[in-house]
Amino acid sequence: MSVTVLLATRYLQAQGVPEAITAIDPRLRVRTCLYAEPPERRAARSRAGTGDRLDLPAPSLAERDALAEADVLVALDVPADLPALAPRLRWCHLISSGTSHVAYSGLPAPGVALTHSPGGNAPGVAEFVLARIFEHAKLLPQLAAMQRRRDGELCFGRRVAGQLLTIVGLGWIGREIAARAHALGMVVRAVVHRPPTSAPDGVRVTTDLAAALADADVTVLCASDRAENRNLFDEAAFAAMKHGSFFVNVSRGVLVDEAALAAALHSGQLAAAALDVTVHEPLPAAHPLWDAPNLRLSFHSASTQDGMVARRLEIFTTNLRRYLSGEPLAHTVPAFSATDRPALP
């Protein structure tokens with residue numbers, strides 16, 4: 001019996017990808033049909049809470065036809081009520097690490113597994129975080145501004161080695177950050193919901209967020225975007241942080257109360273911050289974050305594109321072999337809680 005794999009994301013529609021998949025097993029048939037939504041709609045889905053209603057477009061006839069044939073779906077975005085649209089579907093694989101943007105999809109469902117791609121971009125994100133830390137510690141923005149003014153005065157930053165780094169969330173990205181920071185001589189502490197069975201070398205693990213913020217020179221947020229983490233960094237959290245410390249968020253915008261962050265920057269409670277994610281994406285031109293002092297903004301730019309197709313393909317095909325041999329799938333996504341699921345029209 002043939003197995004139809006539907007590639008519905010442009011990130012795996014590169015030349016040679018269908019051939020690489022069909023080479024795994026003669027039963028495989030690959031079909032491509034792009035299903036993609038604009039970033040602002042994806043961001044709206046991610047920040048939607050219980051009771052929020054989402055206006056989601058109906059799939060086109062071509063998309064419906066492709067979904068109806070799919071046994072395996074590889075996607076970034078998926079339509080609502082996916083099991084009804086894809087009655088043959090047995091497995092949906094997300095090329096993203098995050099999953100909150102598909103909480104409305106009806107997956108996972110009885111007989112239909114949902115998996116994701118954790119860690120595919122973790123090394124690149126970790127490098128980006130360290131770049132922001134060095135940018136802040138070595139006063140690179142100030143030095144660049146002095147050059148533009150033709151100002152030749154001396155300007156010295158701080159050593160990074162010896163600084164205390166608190167990482168909130170010890171998943172794939174958190175572990176990559178921790179390993180690199182420890183190698184650079186930083187003192188590394190990680191905040192988790194539950195202590196892991198093992199931690200990276202040189203990392204102290206705690207469940208006490210407030211205590212871990214109180215003396216940290218740098219705090220990096222890379223926790224998951226589950227409902228209980230919404231606004232994890234609020235006014236109280238920023239008040240608990242060491243005065244004059246540095247904050248980085250490479251998780252999701254909804255984990256941060258942006259008004260509280262802006263207030264902490266204006267007051268000097270935070271010396272500076274760097275965000276690679278915001279609640280609203282793209283950020284409206286009139287949004288107050290644009291004018292917050294000492295704030296470095298980027299938008300999902302922490303990961304790297306070089307090698308991205310190969311990394312995503314490897315994660316999927318490794319699981320595909322497990323699927324074809326009847327083994328349990330890796331990286332399965334548990335059922336979304338009621339607080340994770342927005343309402344649909």
# chains A, B, ... in the order shown; residues from 1 in each chain; ligands from 1

call {"tool": "select_by_dssp", "arguments": {"residues": "range 28-143 of chain A", "states": "alpha helix (DSSP H)", "output": "PyMOL selection string"}}
result
chain A and resi 39-47+61-69+82-85+122-137+140-143

call {"tool": "closest_atom_pairs", "arguments": {"of": "range 110-225 of chain A", "to": "range 266-283 of chain A", "cutoff": "12 Å", "atoms": "only C-alpha atoms", "output": "JSON lines"}}
result
{"residue": "A:Val125", "atom": "CA", "partner": "A:Asp276", "partner_atom": "CA", "distance": 9.8}
{"residue": "A:Phe128", "atom": "CA", "partner": "A:Asp276", "partner_atom": "CA", "distance": 9.5}
{"residue": "A:Val129", "atom": "CA", "partner": "A:Ala274", "partner_atom": "CA", "distance": 8.8}
{"residue": "A:Leu130", "atom": "CA", "partner": "A:Ala274", "partner_atom": "CA", "distance": 11.2}
{"residue": "A:Ala131", "atom": "CA", "partner": "A:Ala274", "partner_atom": "CA", "distance": 10.6}
{"residue": "A:Arg132", "atom": "CA", "partner": "A:Ala274", "partner_atom": "CA", "distance": 7.1}
{"residue": "A:Ile133", "atom": "CA", "partner": "A:Ala274", "partner_atom": "CA", "distance": 9.0}
{"residue": "A:Phe134", "atom": "CA", "partner": "A:Ala274", "partner_atom": "CA", "distance": 11.8}
{"residue": "A:Glu135", "atom": "CA", "partner": "A:Ala274", "partner_atom": "CA", "distance": 10.2}
{"residue": "A:His136", "atom": "CA", "partner": "A:Ala272", "partner_atom": "CA", "distance": 7.6}
{"residue": "A:Ala137", "atom": "CA", "partner": "A:Ala272", "partner_atom": "CA", "distance": 10.3}
{"residue": "A:Leu139", "atom": "CA", "partner": "A:Ala272", "partner_atom": "CA", "distance": 11.0}
{"residue": "A:Pro141", "atom": "CA", "partner": "A:Ala272", "partner_atom": "CA", "distance": 11.4}
{"residue": "A:Leu213", "atom": "CA", "partner": "A:Leu270", "partner_atom": "CA", "distance": 11.8}
{"residue": "A:Ala214", "atom": "CA", "partner": "A:Gln269", "partner_atom": "CA", "distance": 11.8}
{"residue": "A:Ala216", "atom": "CA", "partner": "A:Leu270", "partner_atom": "CA", "distance": 11.5}
{"residue": "A:Asp217", "atom": "CA", "partner": "A:Ala271", "partner_atom": "CA", "distance": 10.0}
{"residue": "A:Val218", "atom": "CA", "partner": "A:Ala273", "partner_atom": "CA", "distance": 9.5}
{"residue": "A:Thr219", "atom": "CA", "partner": "A:Ala273", "partner_atom": "CA", "distance": 9.4}
{"residue": "A:Val220", "atom": "CA", "partner": "A:Ala274", "partner_atom": "CA", "distance": 9.4}
{"residue": "A:Leu221", "atom": "CA", "partner": "A:Leu275", "partner_atom": "CA", "distance": 9.7}
{"residue": "A:Cys222", "atom": "CA", "partner": "A:Val277", "partner_atom": "CA", "distance": 10.8}
{"residue": "A:Asp225", "atom": "CA", "partner": "A:Val279", "partner_atom": "CA", "distance": 11.8}

call {"tool": "select_by_dssp", "arguments": {"residues": "range 181-309 of chain A", "states": "strand (DSSP E)", "output": "number ranges by chain"}}
result
A: 187-191, 203-206, 218-221, 245-249, 270-275, 295-297

call {"tool": "closest_residue", "arguments": {"among": "A:Arg27, A:Thr318, A:Glu69, A:Gly16", "to": "Met1 in chain A", "atoms": "only C-alpha atoms"}}
result
A:Arg27

call {"tool": "closest_residue", "arguments": {"among": "A:Glu235, A:Glu127, A:Asp201, A:Asp151", "to": "Val250 in chain A", "atoms": "only C-alpha atoms"}}
result
A:Glu127
